[in-house]
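Asker: Provided herewith: target.pdb, PDB, C-alpha atoms and all ligand atoms.
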ATOM      1  CA  MET A   1       0.000   0.000   0.000
ATOM      2  CA  ASP A   2       2.817   2.355   0.785
ATOM      3  CA  GLU A   3       4.994   1.413  -2.112
ATOM      4  CA  GLN A   4       6.650   4.401  -3.655
ATOM      5  CA  LYS A   5       6.776   4.761  -7.364
ATOM      6  CA  SER A   6      10.351   5.447  -8.279
ATOM      7  CA  ASN A   7       9.950   6.071 -11.958
ATOM      8  CA  CYS A   8       9.827   9.605 -13.184
ATOM      9  CA  GLU A   9       7.354   9.301 -16.010
ATOM     10  CA  GLU A  10       4.944  12.121 -16.304
ATOM     11  CA  ASN A  11       1.710  11.251 -14.613
ATOM     12  CA  ASP A  12      -0.394  11.716 -17.685
ATOM     13  CA  SER A  13      -1.846   8.369 -18.614
ATOM     14  CA  GLU A  14      -5.590   8.160 -18.925
ATOM     15  CA  PRO A  15      -7.154   6.210 -16.082
ATOM     16  CA  THR A  16      -7.746   2.626 -17.087
ATOM     17  CA  GLU A  17     -10.848   0.622 -16.310
ATOM     18  CA  ASN A  18      -9.588  -0.878 -13.069
ATOM     19  CA  THR A  19      -7.685   2.100 -11.700
ATOM     20  CA  ARG A  20      -8.438   2.192  -8.014
ATOM     21  CA  ALA A  21      -9.953   5.427  -6.764
ATOM     22  CA  CYS A  22     -11.067   6.907  -3.470
ATOM     23  CA  VAL A  23     -14.756   6.236  -2.800
ATOM     24  CA  LEU A  24     -15.185   9.754  -1.406
ATOM     25  CA  CYS A  25     -13.357  12.094  -3.802
ATOM     26  CA  ASN A  26     -13.093   9.612  -6.722
ATOM     27  CA  CYS A  27      -9.469  10.557  -7.411
ATOM     28  CA  VAL A  28      -6.678   8.013  -7.856
ATOM     29  CA  ASP A  29      -3.780   7.295  -5.506
ATOM     30  CA  ARG A  30      -1.340   9.804  -6.907
ATOM     31  CA  SER A  31      -3.638  12.799  -7.074
ATOM     32  CA  LEU A  32      -2.632  16.448  -7.255
ATOM     33  CA  HIS A  33      -4.878  17.515  -4.424
ATOM     34  CA  GLY A  34      -2.773  16.400  -1.469
ATOM     35  CA  GLN A  35      -5.115  13.698  -0.131
ATOM     36  CA  ARG A  36      -2.087  11.430   0.490
ATOM     37  CA  GLU A  37      -2.174   7.691  -0.154
ATOM     38  CA  LEU A  38      -5.181   5.420  -0.614
ATOM     39  CA  ARG A  39      -5.812   3.279   2.441
ATOM     40  CA  HIS A  40      -8.036   0.261   2.805
ATOM     41  CA  PHE A  41     -10.621   0.424   5.563
ATOM     42  CA  GLY A  42     -12.634  -2.497   6.820
ATOM     43  CA  SER A  43     -16.384  -2.429   6.917
ATOM     44  CA  SER A  44     -18.717  -3.663   9.605
ATOM     45  CA  MET A  45     -21.461  -4.163   7.056
ATOM     46  CA  GLU A  46     -22.460  -7.538   5.719
ATOM     47  CA  ARG A  47     -21.489  -7.554   2.088
ATOM     48  CA  ALA A  48     -24.454  -9.861   1.461
ATOM     49  CA  THR A  49     -26.817  -7.079   2.466
ATOM     50  CA  LEU A  50     -25.515  -4.892  -0.330
ATOM     51  CA  LYS A  51     -27.429  -5.306  -3.510
ATOM     52  CA  PRO A  52     -25.208  -6.206  -6.428
ATOM     53  CA  SER A  53     -24.916  -3.205  -8.660
ATOM     54  CA  ALA A  54     -25.984  -2.967 -12.237
ATOM     55  CA  SER A  55     -23.955   0.121 -12.923
ATOM     56  CA  PRO A  56     -20.196   0.165 -12.325
ATOM     57  CA  LEU A  57     -18.532   3.088 -10.586
ATOM     58  CA  PRO A  58     -17.830   6.048 -12.797
ATOM     59  CA  GLN A  59     -14.286   6.360 -14.077
ATOM     60  CA  PRO A  60     -12.002   8.058 -11.596
ATOM     61  CA  GLY A  61     -11.692  11.763 -12.214
ATOM     62  CA  ASN A  62      -8.699  13.229 -13.995
ATOM     63  CA  ASP A  63      -7.785  15.472 -11.050
ATOM     64  CA  ASP A  64      -9.901  18.215 -12.499
ATOM     65  CA  LEU A  65     -11.712  20.110  -9.756
ATOM     66  CA  SER A  66     -14.945  19.740 -11.731
ATOM     67  CA  SER A  67     -14.846  15.948 -11.530
ATOM     68  CA  ILE A  68     -14.312  15.363  -7.799
ATOM     69  CA  GLY A  69     -16.798  12.950  -6.218
ATOM     70  CA  PHE A  70     -19.893  11.616  -7.983
ATOM     71  CA  SER A  71     -22.622  13.210 -10.065
ATOM     72  CA  LYS A  72     -25.137  10.496  -9.142
ATOM     73  CA  SER A  73     -25.418   8.614  -5.876
ATOM     74  CA  PRO A  74     -23.143   5.591  -6.364
ATOM     75  CA  CYS A  75     -24.550   2.176  -5.536
ATOM     76  CA  LEU A  76     -23.086   0.994  -2.229
ATOM     77  CA  ALA A  77     -22.049  -2.377  -3.597
ATOM     78  CA  THR A  78     -19.710  -0.677  -6.057
ATOM     79  CA  LEU A  79     -17.979   1.245  -3.270
ATOM     80  CA  PHE A  80     -17.105  -1.741  -1.087
ATOM     81  CA  ASP A  81     -15.108  -4.835  -1.927
ATOM     82  CA  ASP A  82     -15.313  -8.029   0.121
ATOM     83  CA  SER A  83     -13.505  -6.582   3.103
ATOM     84  CA  GLY A  84     -14.043  -2.839   2.937
ATOM     85  CA  CYS A  85     -13.272   0.194   0.818
ATOM     86  CA  TRP A  86     -10.417   2.427  -0.399
ATOM     87  CA  VAL A  87     -10.214   6.017   0.823
ATOM     88  CA  HIS A  88      -7.362   8.543   0.839
ATOM     89  CA  HIS A  89      -5.732   9.154   4.198
ATOM     90  CA  TRP A  90      -6.861  12.786   4.466
ATOM     91  CA  CYS A  91     -10.303  12.169   2.930
ATOM     92  CA  ALA A  92     -10.892   9.632   5.734
ATOM     93  CA  VAL A  93      -9.287  11.459   8.673
ATOM     94  CA  TRP A  94     -11.248  14.672   8.048
ATOM     95  CA  SER A  95     -14.623  12.963   7.572
ATOM     96  CA  GLU A  96     -17.384  13.749  10.044
ATOM     97  CA  GLY A  97     -17.840  10.928  12.569
ATOM     98  CA  VAL A  98     -14.471   9.266  11.903
ATOM     99  CA  LYS A  99     -12.468   8.650  15.070
ATOM    100  CA  LYS A 100      -8.776   8.018  15.468
ATOM    101  CA  LEU A 101      -8.088   5.104  17.792
ATOM    102  CA  ASP A 102      -5.017   4.793  20.016
ATOM    103  CA  ASN A 103      -3.318   2.486  17.523
ATOM    104  CA  GLU A 104      -3.677   5.165  14.790
ATOM    105  CA  GLU A 105      -6.400   3.109  13.116
ATOM    106  CA  LEU A 106      -9.543   4.960  12.043
ATOM    107  CA  GLU A 107     -13.048   3.990  13.012
ATOM    108  CA  ASN A 108     -16.326   4.613  11.168
ATOM    109  CA  VAL A 109     -14.792   5.316   7.761
ATOM    110  CA  ASP A 110     -17.358   2.956   6.232
ATOM    111  CA  LYS A 111     -20.191   4.913   7.825
ATOM    112  CA  ALA A 112     -18.773   8.163   6.478
ATOM    113  CA  VAL A 113     -18.620   6.639   2.988
ATOM    114  CA  ILE A 114     -22.277   5.613   3.201
ATOM    115  CA  SER A 115     -23.432   9.038   4.383
ATOM    116  CA  GLY A 116     -21.301  10.658   1.692
ATOM    117  CA  THR A 117     -23.292   8.952  -1.065
ATOM    118  CA  GLN A 118     -26.196  11.250  -0.174
ATOM    119  CA  GLN A 119     -24.239  14.384   0.693
ATOM    120  CA  PRO A 120     -23.510  17.025  -1.939
ATOM    121  CA  CYS A 121     -20.418  19.185  -1.637
ATOM    122  CA  GLU A 122     -20.975  22.874  -1.008
ATOM    123  CA  TYR A 123     -18.251  23.759  -3.500
ATOM    124  CA  CYS A 124     -18.675  21.378  -6.467
ATOM    125  CA  ARG A 125     -22.260  20.210  -5.767
ATOM    126  CA  ARG A 126     -21.274  16.596  -6.446
ATOM    127  CA  LEU A 127     -21.818  13.742  -3.986
ATOM    128  CA  GLY A 128     -19.298  12.142  -1.639
ATOM    129  CA  ALA A 129     -18.804  15.145   0.661
ATOM    130  CA  THR A 130     -18.033  14.184   4.276
ATOM    131  CA  ILE A 131     -16.100  17.110   5.773
ATOM    132  CA  GLN A 132     -18.407  19.427   7.683
ATOM    133  CA  CYS A 133     -17.882  23.029   8.735
ATOM    134  CA  HIS A 134     -17.005  23.177  12.410
ATOM    135  CA  ALA A 135     -19.253  26.181  13.180
ATOM    136  CA  GLU A 136     -22.242  25.198  15.228
ATOM    137  CA  GLY A 137     -25.321  24.543  13.135
ATOM    138  CA  CYS A 138     -23.509  24.964   9.787
ATOM    139  CA  LEU A 139     -24.545  22.220   7.392
ATOM    140  CA  ARG A 140     -21.914  22.808   4.714
ATOM    141  CA  PHE A 141     -20.002  19.698   3.666
ATOM    142  CA  TYR A 142     -16.973  19.412   1.368
ATOM    143  CA  HIS A 143     -14.752  16.910  -0.374
ATOM    144  CA  PHE A 144     -11.148  17.184   0.817
ATOM    145  CA  PRO A 145      -9.881  18.771  -2.445
ATOM    146  CA  CYS A 146     -12.886  21.113  -2.515
ATOM    147  CA  SER A 147     -12.455  22.241   1.082
ATOM    148  CA  ALA A 148      -9.173  23.877   0.138
ATOM    149  CA  ALA A 149     -10.422  25.027  -3.277
ATOM    150  CA  SER A 150     -13.420  26.750  -1.673
ATOM    151  CA  GLY A 151     -11.158  28.980   0.416
ATOM    152  CA  SER A 152     -12.296  27.419   3.692
ATOM    153  CA  PHE A 153      -9.942  27.586   6.658
ATOM    154  CA  GLN A 154      -8.435  24.265   7.718
ATOM    155  CA  SER A 155      -6.477  23.430  10.851
ATOM    156  CA  MET A 156      -4.599  20.214  10.310
ATOM    157  CA  LYS A 157      -3.649  19.927  13.996
ATOM    158  CA  GLN A 158      -7.206  20.173  15.242
ATOM    159  CA  LEU A 159      -8.910  18.791  12.125
ATOM    160  CA  VAL A 160     -11.166  21.809  12.035
ATOM    161  CA  LEU A 161     -12.691  23.164   8.836
ATOM    162  CA  LEU A 162     -14.397  26.550   8.765
ATOM    163  CA  CYS A 163     -16.364  27.385   5.630
ATOM    164  CA  PRO A 164     -15.802  30.805   4.012
ATOM    165  CA  GLU A 165     -18.849  32.166   5.835
ATOM    166  CA  HIS A 166     -17.545  31.121   9.262
ATOM    167  CA  ILE A 167     -13.868  31.733   8.591
ATOM    168  CA  ASP A 168     -13.721  34.486  11.249
ATOM    169  CA  LYS A 169     -13.804  31.829  13.947
ATOM    170  CA  ALA A 170     -10.298  30.789  12.909
ATOM    171  CA  GLU A 171      -8.939  33.680  14.979
ATOM    172  CA  GLU A 172      -9.959  31.726  18.083
ATOM    173  CA  LEU A 173      -7.472  29.014  17.087
ATOM    174  CA  GLY A 174      -4.561  31.330  17.887
ATOM    175  CA  GLU A 175      -1.126  30.457  16.555
ATOM    176  CA  ASP A 176      -2.556  27.606  14.526
ATOM    177  CA  ALA A 177      -3.990  30.188  12.138
ATOM    178  CA  TRP A 178      -0.879  32.346  11.827
ATOM    179  CA  CYS A 179       0.907  32.937   8.571
ATOM    180  CA  GLY A 180       4.404  31.419   8.383
ATOM    181  CA  VAL A 181       5.824  34.647   6.963
ATOM    182  CA  CYS A 182       4.223  37.548   8.872
ATOM    183  CA  ASP A 183       3.363  35.616  12.073
ATOM    184  CA  SER A 184      -0.148  37.002  12.253
ATOM    185  CA  VAL A 185      -3.691  36.071  11.267
ATOM    186  CA  GLY A 186      -4.062  39.077   8.991
ATOM    187  CA  GLU A 187      -6.493  38.598   6.133
ATOM    188  CA  LEU A 188      -7.993  35.148   6.799
ATOM    189  CA  THR A 189      -9.460  34.738   3.334
ATOM    190  CA  ASP A 190      -5.975  35.159   1.845
ATOM    191  CA  LEU A 191      -4.524  32.235   3.844
ATOM    192  CA  LEU A 192      -3.419  29.100   2.013
ATOM    193  CA  PHE A 193      -2.855  25.902   3.951
ATOM    194  CA  CYS A 194      -0.048  23.453   3.148
ATOM    195  CA  THR A 195      -1.504  19.964   2.656
ATOM    196  CA  SER A 196       1.839  18.468   3.767
ATOM    197  CA  CYS A 197       2.774  20.331   6.985
ATOM    198  CA  GLY A 198      -0.462  22.210   7.722
ATOM    199  CA  GLN A 199       1.258  25.611   8.024
ATOM    200  CA  HIS A 200      -0.733  28.610   6.767
ATOM    201  CA  TYR A 201       0.632  31.345   4.532
ATOM    202  CA  HIS A 202      -0.927  34.476   3.083
ATOM    203  CA  ALA A 203      -0.881  34.314  -0.681
ATOM    204  CA  ALA A 204       0.223  37.961  -0.634
ATOM    205  CA  CYS A 205       3.145  37.214   1.731
ATOM    206  CA  LEU A 206       4.440  34.607  -0.754
ATOM    207  CA  GLU A 207       3.500  36.701  -3.775
ATOM    208  CA  ILE A 208       1.430  33.934  -5.318
ATOM    209  CA  GLY A 209      -2.247  33.722  -6.251
ATOM    210  CA  ALA A 210      -5.019  32.039  -4.307
ATOM    211  CA  THR A 211      -7.184  30.545  -7.034
ATOM    212  CA  PRO A 212      -9.045  27.253  -6.423
ATOM    213  CA  ILE A 213      -6.484  25.194  -8.373
ATOM    214  CA  GLN A 214      -3.638  26.816  -6.478
ATOM    215  CA  ARG A 215      -5.320  26.180  -3.123
ATOM    216  CA  ALA A 216      -6.277  22.534  -3.755
ATOM    217  CA  GLY A 217      -3.335  20.308  -2.832
ATOM    218  CA  TRP A 218      -1.143  23.348  -2.164
ATOM    219  CA  GLN A 219       2.312  22.729  -0.714
ATOM    220  CA  CYS A 220       4.366  25.421   0.971
ATOM    221  CA  PRO A 221       7.846  26.222  -0.432
ATOM    222  CA  GLU A 222       9.485  23.966   2.184
ATOM    223  CA  CYS A 223       7.251  20.969   1.449
ATOM    224  CA  LYS A 224       6.973  21.254  -2.315
ATOM    225  CA  VAL A 225       7.665  17.959  -4.062
ATOM    226  CA  CYS A 226       7.693  17.102  -7.742
ATOM    227  CA  GLN A 227       4.231  15.955  -8.844
ATOM    228  CA  THR A 228       5.816  13.343 -11.084
ATOM    229  CA  CYS A 229       8.256  11.515  -8.781
ATOM    230  CA  ARG A 230       6.962  12.803  -5.407
ATOM    231  CA  GLN A 231      10.472  13.735  -4.326
ATOM    232  CA  PRO A 232      11.720  17.129  -3.155
ATOM    233  CA  GLY A 233      14.512  18.783  -5.077
ATOM    234  CA  GLU A 234      16.794  21.765  -5.261
ATOM    235  CA  ASP A 235      15.086  25.004  -6.198
ATOM    236  CA  SER A 236      17.242  25.255  -9.297
ATOM    237  CA  LYS A 237      15.718  22.017 -10.608
ATOM    238  CA  MET A 238      12.121  22.582  -9.518
ATOM    239  CA  LEU A 239       9.768  24.222 -11.962
ATOM    240  CA  VAL A 240       6.701  25.747 -10.374
ATOM    241  CA  CYS A 241       3.604  26.099 -12.523
ATOM    242  CA  ASP A 242       2.477  29.670 -12.840
ATOM    243  CA  ALA A 243      -1.184  28.620 -12.863
ATOM    244  CA  CYS A 244      -1.487  25.882 -10.202
ATOM    245  CA  ASP A 245       1.701  26.445  -8.133
ATOM    246  CA  LYS A 246       2.555  22.727  -8.263
ATOM    247  CA  GLY A 247       6.201  21.667  -8.602
ATOM    248  CA  TYR A 248       7.873  19.562 -11.307
ATOM    249  CA  HIS A 249      11.540  18.659 -11.658
ATOM    250  CA  THR A 250      13.096  19.892 -14.866
ATOM    251  CA  PHE A 251      14.478  16.356 -15.357
ATOM    252  CA  CYS A 252      11.113  14.662 -14.735
ATOM    253  CA  LEU A 253       9.453  16.413 -17.663
ATOM    254  CA  GLN A 254       9.115  14.795 -21.042
ATOM    255  CA  PRO A 255      11.076  16.049 -22.798
ATOM    256  CA  ALA A 256      13.357  17.023 -19.904
ATOM    257  CA  MET A 257      14.485  20.645 -19.598
ATOM    258  CA  ASP A 258      18.117  21.536 -18.948
ATOM    259  CA  SER A 259      17.417  24.560 -16.801
ATOM    260  CA  LEU A 260      14.592  26.683 -15.446
ATOM    261  CA  PRO A 261      12.984  28.856 -18.119
ATOM    262  CA  THR A 262      13.114  32.605 -17.554
ATOM    263  CA  ASP A 263       9.493  33.118 -18.599
ATOM    264  CA  PRO A 264       6.533  31.937 -16.502
ATOM    265  CA  TRP A 265       6.018  28.213 -17.039
ATOM    266  CA  LYS A 266       2.755  26.242 -17.100
ATOM    267  CA  CYS A 267       2.416  22.516 -16.418
ATOM    268  CA  ARG A 268       0.677  20.331 -18.994
ATOM    269  CA  ARG A 269      -2.477  20.124 -16.896
ATOM    270  CA  CYS A 270      -2.857  23.876 -16.936
ATOM    271  CA  ARG A 271      -2.294  24.349 -20.672
ATOM    272  CA  VAL A 272      -5.359  24.746 -22.849
ATOM    273  CA  CYS A 273      -5.183  25.927 -26.426
ATOM    274  CA  ALA A 274      -7.363  29.018 -26.720
ATOM    275  CA  GLU A 275      -7.830  28.401 -30.446
ATOM    276  CA  CYS A 276      -8.781  24.719 -30.703
ATOM    277  CA  GLY A 277      -9.592  24.019 -27.058
ATOM    278  CA  ALA A 278      -7.186  21.070 -26.821
ATOM    279  CA  PRO A 279      -6.102  20.415 -23.220
ATOM    280  CA  GLY A 280      -2.350  20.020 -22.710
ATOM    281  CA  LEU A 281      -2.698  16.554 -21.222
ATOM    282  CA  LEU A 282      -4.258  15.167 -24.378
ATOM    283  CA  LEU A 283      -1.475  16.468 -26.598
ATOM    284  CA  PRO A 284       1.939  14.771 -26.680
ATOM    285  CA  GLY A 285       4.489  16.185 -24.242
ATOM    286  CA  SER A 286       6.728  17.115 -27.136
ATOM    287  CA  VAL A 287       4.196  19.612 -28.551
ATOM    288  CA  GLN A 288       5.473  23.200 -28.503
ATOM    289  CA  TRP A 289       3.327  25.977 -27.055
ATOM    290  CA  PHE A 290       3.154  29.662 -27.886
ATOM    291  CA  ASP A 291       1.872  32.899 -26.327
ATOM    292  CA  ASN A 292       2.345  31.885 -22.695
ATOM    293  CA  TYR A 293       1.046  28.338 -23.308
ATOM    294  CA  THR A 294      -2.251  29.455 -24.840
ATOM    295  CA  VAL A 295      -1.692  28.349 -28.449
ATOM    296  CA  CYS A 296      -0.775  24.785 -29.393
ATOM    297  CA  GLU A 297       1.784  23.954 -32.055
ATOM    298  CA  GLY A 298      -0.831  22.945 -34.618
ATOM    299  CA  CYS A 299      -2.821  26.146 -34.222
ATOM    300  CA  GLN A 300       0.331  28.238 -34.287
ATOM    301  CA  ARG A 301       1.286  26.628 -37.592
ATOM    302  CA  ARG A 302      -2.173  27.297 -38.967
ATOM    303  CA  ARG A 303      -2.083  30.836 -37.609
ATOM    304  CA  SER A 304       1.157  31.613 -39.331
ATOM    305  CA  CYS A 305      -0.483  30.604 -42.613
ATOM    306  CA  VAL A 306      -3.170  33.263 -42.271
ATOM    307  CA  CYS A 307      -2.656  36.316 -44.395
ATOM    308  CA  GLY A 308      -2.128  39.395 -42.284
ATOM    309  CA  VAL A 309      -4.135  41.550 -44.702
ATOM    310  CA  CYS A 310      -7.242  39.577 -45.713
ATOM    311  CA  GLY A 311      -7.294  37.044 -42.851
ATOM    312  CA  LYS A 312      -7.672  34.083 -45.246
ATOM    313  CA  THR A 313      -5.563  30.991 -44.889
ATOM    314  CA  ALA A 314      -2.873  30.721 -47.479
ATOM    315  CA  SER A 315      -0.857  27.667 -48.262
ATOM    316  CA  PRO A 316       2.164  27.591 -45.997
ATOM    317  CA  SER A 317       4.508  28.049 -48.900
ATOM    318  CA  VAL A 318       3.170  31.505 -49.739
ATOM    319  CA  ASP A 319       4.986  34.530 -48.415
ATOM    320  CA  LEU A 320       2.737  35.679 -45.619
ATOM    321  CA  HIS A 321       2.921  39.402 -45.900
ATOM    322  CA  CYS A 322       0.899  39.348 -49.079
ATOM    323  CA  CYS A 323      -1.017  36.226 -49.943
ATOM    324  CA  SER A 324      -2.193  35.452 -53.442
ATOM    325  CA  MET A 325      -5.827  36.070 -52.558
ATOM    326  CA  CYS A 326      -5.612  39.731 -51.611
ATOM    327  CA  HIS A 327      -2.972  40.641 -54.075
TER     328      HIS A 327
HETATM  329 ZN    ZN B   1     -10.105  10.910  -1.593
HETATM  330 ZN    ZN B   2     -16.575  18.881  -3.924
HETATM  331 ZN    ZN B   3     -19.842  27.116   8.061
HETATM  332 ZN    ZN B   4       1.338  36.663   6.113
HETATM  333 ZN    ZN B   5       4.414  22.745   4.193
HETATM  334 ZN    ZN B   6      10.554  14.595 -10.152
HETATM  335 ZN    ZN B   7      -0.245  23.752 -13.427
HETATM  336 ZN    ZN B   8      -4.768  24.481 -30.788
END
Step by step, read the file and then write its structure as structure tokens.
Answerer:
Amino acid sequence: MDEQKSNCEENDSEPTENTRACVLCNCVDRSLHGQRELRHFGSSMERATLKPSASPLPQPGNDDLSSIGFSKSPCLATLFDDSGCWVHHWCAVWSEGVKKLDNEELENVDKAVISGTQQPCEYCRRLGATIQCHAEGCLRFYHFPCSAASGSFQSMKQLVLLCPEHIDKAEELGEDAWCGVCDSVGELTDLLFCTSCGQHYHAACLEIGATPIQRAGWQCPECKVCQTCRQPGEDSKMLVCDACDKGYHTFCLQPAMDSLPTDPWKCRRCRVCAECGAPGLLLPGSVQWFDNYTVCEGCQRRRSCVCGVCGKTASPSVDLHCCSMCH
């Protein structure tokens, strides 16, 4: 269960039919959102009482924040195998009703999974949400990736989530809510929380953004690991995506880069061609990008065949300043 992948291939393969996914957030083991590893939890339910399902589980999401959890209530029998179910470490630990026993084992994860099948997430509106706002009487629930994406406050030490509406209560947590740079609570809505060490930082104090994709699975500068090999690395070898703030080693990319680029860099997940709509992950890694990763190689080639005067496409062989059609 804890085996570490040592290869440095880019994590871009499409999920296959039997890829194991978390039955709460529906993401795979090596997800971008900082849920940690998938763990197997036993179930106290009789498997025989679960009706066999006609419909299989939906394909695990592709780490896109729009495909966390489930659009329809999943049939219980698809969520549990003979002895239990698979849930990420953090998705389980944060779930309402789950208790940590003295031996570090968790209790009631199966019950949380069952209640999650009926519980929509406040952020993405999909089912599988089990993390409730700590404020008394607040009925907002989140998936683990969505709790960070929504801008909620999270204390990893106390396992407390406060939804954006009740974020003011974080001040009562004292030091636990302080920014690692300015040592104060400051603007609570600007705080990002590191999914590795739990330390909070103001986006402004680190001069980064605080968009949902930056917040989900965010790692502070000290904890940042490469999303491909899961290892830390020297700053001079770690590329940080301008859009999602995730790290990638220059040598783990395909093709590998020799050094850090001077211009802002975007990871393949964050590249989308503005002309043809192709997402970076579906194009080969060797494809070149233009205009700050907003135009794919194919569209750039097509674009450079458009006459600057009449806007019509000329054959690539024609001199582009004056195509045959407008001359
Ligand atoms: Zn999960
Ligand atoms: Zn959600
Ligand atoms: Zn709340
Ligand atoms: Zn600060
Ligand atoms: Zn950290
Ligand atoms: Zn790496
Ligand atoms: Zn990115
Ligand atoms: Zn394109």
Asker: Throw together the list of residues within 7 Å of ligand ZN 2 (chain B), counting all atoms listed in the file, and drop it here as a compact mmCIF listing (two decimals) with C-alpha atoms, in the coordinates of the input.
Answerer:
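Output saved as out-v7.txt:
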# COMPACT_ATOMS: atom_id res chain seq x y z
CA ILE A 68 -14.31 15.36 -7.80
CA GLY A 69 -16.80 12.95 -6.22
CA CYS A 121 -20.42 19.18 -1.64
CA GLU A 122 -20.98 22.87 -1.01
CA TYR A 123 -18.25 23.76 -3.50
CA CYS A 124 -18.68 21.38 -6.47
CA ARG A 125 -22.26 20.21 -5.77
CA ARG A 126 -21.27 16.60 -6.45
CA ALA A 129 -18.80 15.14 0.66
CA TYR A 142 -16.97 19.41 1.37
CA HIS A 143 -14.75 16.91 -0.37
CA PRO A 145 -9.88 18.77 -2.44
CA CYS A 146 -12.89 21.11 -2.52
Asker: Please identify all polymer residues lying at most 9 Å from the point (-2.9, 29.8, -28.5) (file coordinates), using all atoms listed in the file, and present the result as a list in words.
Answerer: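 Nearby residues: Val272, Cys273, Ala274, Glu275, Cys276, Gly277, Trp289, Phe290, Asp291, Asn292, Tyr293, Thr294, Val295, Cys296, Glu297, Cys299 and Gln300 of chain A.
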Asker: Sort by chain and increasing residue number a table of all residues of chain A within 6 Å of ligand ZN 5 (chain B), each with its closest pair of atoms and their distance in Å to one decimal, counting only C-alpha atoms and all ligand atoms, and write it as a tab-separated table.
Answerer:
residue	atom	partner	partner_atom	distance
A:Cys194	CA	B:ZN5	ZN	4.6
A:Ser196	CA	B:ZN5	ZN	5.0
A:Cys197	CA	B:ZN5	ZN	4.0
A:Gln199	CA	B:ZN5	ZN	5.7
A:Gln219	CA	B:ZN5	ZN	5.3
A:Cys220	CA	B:ZN5	ZN	4.2
A:Glu222	CA	B:ZN5	ZN	5.6
A:Cys223	CA	B:ZN5	ZN	4.3
Asker: Which residues of chain A sit at most 7 Å from ligand ZN 6 (chain B), using all atoms listed in the file? Give each one's shortest atom pair and distance in Å (one decimal place), in chain and ascending residue order, as a tab-separated table.
Answerer:
residue	atom	partner	partner_atom	distance
A:Cys8	CA	B:ZN6	ZN	5.9
A:Cys226	CA	B:ZN6	ZN	4.5
A:Gln227	CA	B:ZN6	ZN	6.6
A:Thr228	CA	B:ZN6	ZN	5.0
A:Cys229	CA	B:ZN6	ZN	4.1
A:Arg230	CA	B:ZN6	ZN	6.2
A:Gln231	CA	B:ZN6	ZN	5.9
A:Tyr248	CA	B:ZN6	ZN	5.8
A:His249	CA	B:ZN6	ZN	4.4
A:Phe251	CA	B:ZN6	ZN	6.8
A:Cys252	CA	B:ZN6	ZN	4.6
Asker: I need the output of the PyMOL selection byres (((chain A and resi 133) around 9) and not hetatm) for this file as an mmCIF file with C-alpha atoms, in the frame of the given file; which residues are they?
Answerer:
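Printed below is out-v8.cif as written:
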data_model
loop_
_atom_site.group_PDB
_atom_site.id
_atom_site.type_symbol
_atom_site.label_atom_id
_atom_site.label_comp_id
_atom_site.auth_asym_id
_atom_site.auth_seq_id
_atom_site.Cartn_x
_atom_site.Cartn_y
_atom_site.Cartn_z
ATOM 1 C CA ILE A 131 -16.100 17.110 5.773
ATOM 2 C CA GLN A 132 -18.407 19.427 7.683
ATOM 3 C CA HIS A 134 -17.005 23.177 12.410
ATOM 4 C CA ALA A 135 -19.253 26.181 13.180
ATOM 5 C CA GLU A 136 -22.242 25.198 15.228
ATOM 6 C CA GLY A 137 -25.321 24.543 13.135
ATOM 7 C CA CYS A 138 -23.509 24.964 9.787
ATOM 8 C CA LEU A 139 -24.545 22.220 7.392
ATOM 9 C CA ARG A 140 -21.914 22.808 4.714
ATOM 10 C CA PHE A 141 -20.002 19.698 3.666
ATOM 11 C CA TYR A 142 -16.973 19.412 1.368
ATOM 12 C CA SER A 152 -12.296 27.419 3.692
ATOM 13 C CA VAL A 160 -11.166 21.809 12.035
ATOM 14 C CA LEU A 161 -12.691 23.164 8.836
ATOM 15 C CA LEU A 162 -14.397 26.550 8.765
ATOM 16 C CA CYS A 163 -16.364 27.385 5.630
ATOM 17 C CA HIS A 166 -17.545 31.121 9.262
#
Asker: Please evaluate the PyMOL selection byres (((chain A and resi 85) around 8) and not hetatm) against the displayed coordinates and give the resulting residues as a PDB file with C-alpha atoms, keeping the file's coordinate frame.
Answerer:
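Saved the output as part.pdb:
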ATOM      1  CA  VAL A  23     -14.756   6.236  -2.800  1.00  0.00           C
ATOM      2  CA  HIS A  40      -8.036   0.261   2.805  1.00  0.00           C
ATOM      3  CA  PHE A  41     -10.621   0.424   5.563  1.00  0.00           C
ATOM      4  CA  GLY A  42     -12.634  -2.497   6.820  1.00  0.00           C
ATOM      5  CA  SER A  43     -16.384  -2.429   6.917  1.00  0.00           C
ATOM      6  CA  LEU A  79     -17.979   1.245  -3.270  1.00  0.00           C
ATOM      7  CA  PHE A  80     -17.105  -1.741  -1.087  1.00  0.00           C
ATOM      8  CA  ASP A  81     -15.108  -4.835  -1.927  1.00  0.00           C
ATOM      9  CA  SER A  83     -13.505  -6.582   3.103  1.00  0.00           C
ATOM     10  CA  GLY A  84     -14.043  -2.839   2.937  1.00  0.00           C
ATOM     11  CA  TRP A  86     -10.417   2.427  -0.399  1.00  0.00           C
ATOM     12  CA  VAL A  87     -10.214   6.017   0.823  1.00  0.00           C
ATOM     13  CA  ASP A 110     -17.358   2.956   6.232  1.00  0.00           C
TER      14      ASP A 110
END
Asker: Restricting the calculation to all atoms listed in the file, which member of A:Leu24, A:Cys241, A:Leu127, A:Leu253 is positioned closest to His88 in chain A?
Answerer: A:Leu24
Asker: If I take CA of Leu191 in chain A and CA of Ala243 in chain A, how far is one from the other in Å, to one decimal?
Answerer: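 For CA of Leu191 in chain A relative to CA of Ala243 in chain A, the distance reads 17.4 Å.
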Asker: Counting all atoms listed in the file, what residues are within 12 Å of ligand ZN 1 (chain B), given as JSON, numbers by chain?
Answerer: {"A": [20, 21, 22, 23, 24, 25, 26, 27, 28, 29, 30, 31, 32, 33, 34, 35, 36, 37, 38, 39, 40, 60, 61, 63, 68, 69, 70, 85, 86, 87, 88, 89, 90, 91, 92, 93, 94, 95, 109, 113, 116, 128, 129, 130, 131, 142, 143, 144, 145, 146, 147, 217]}
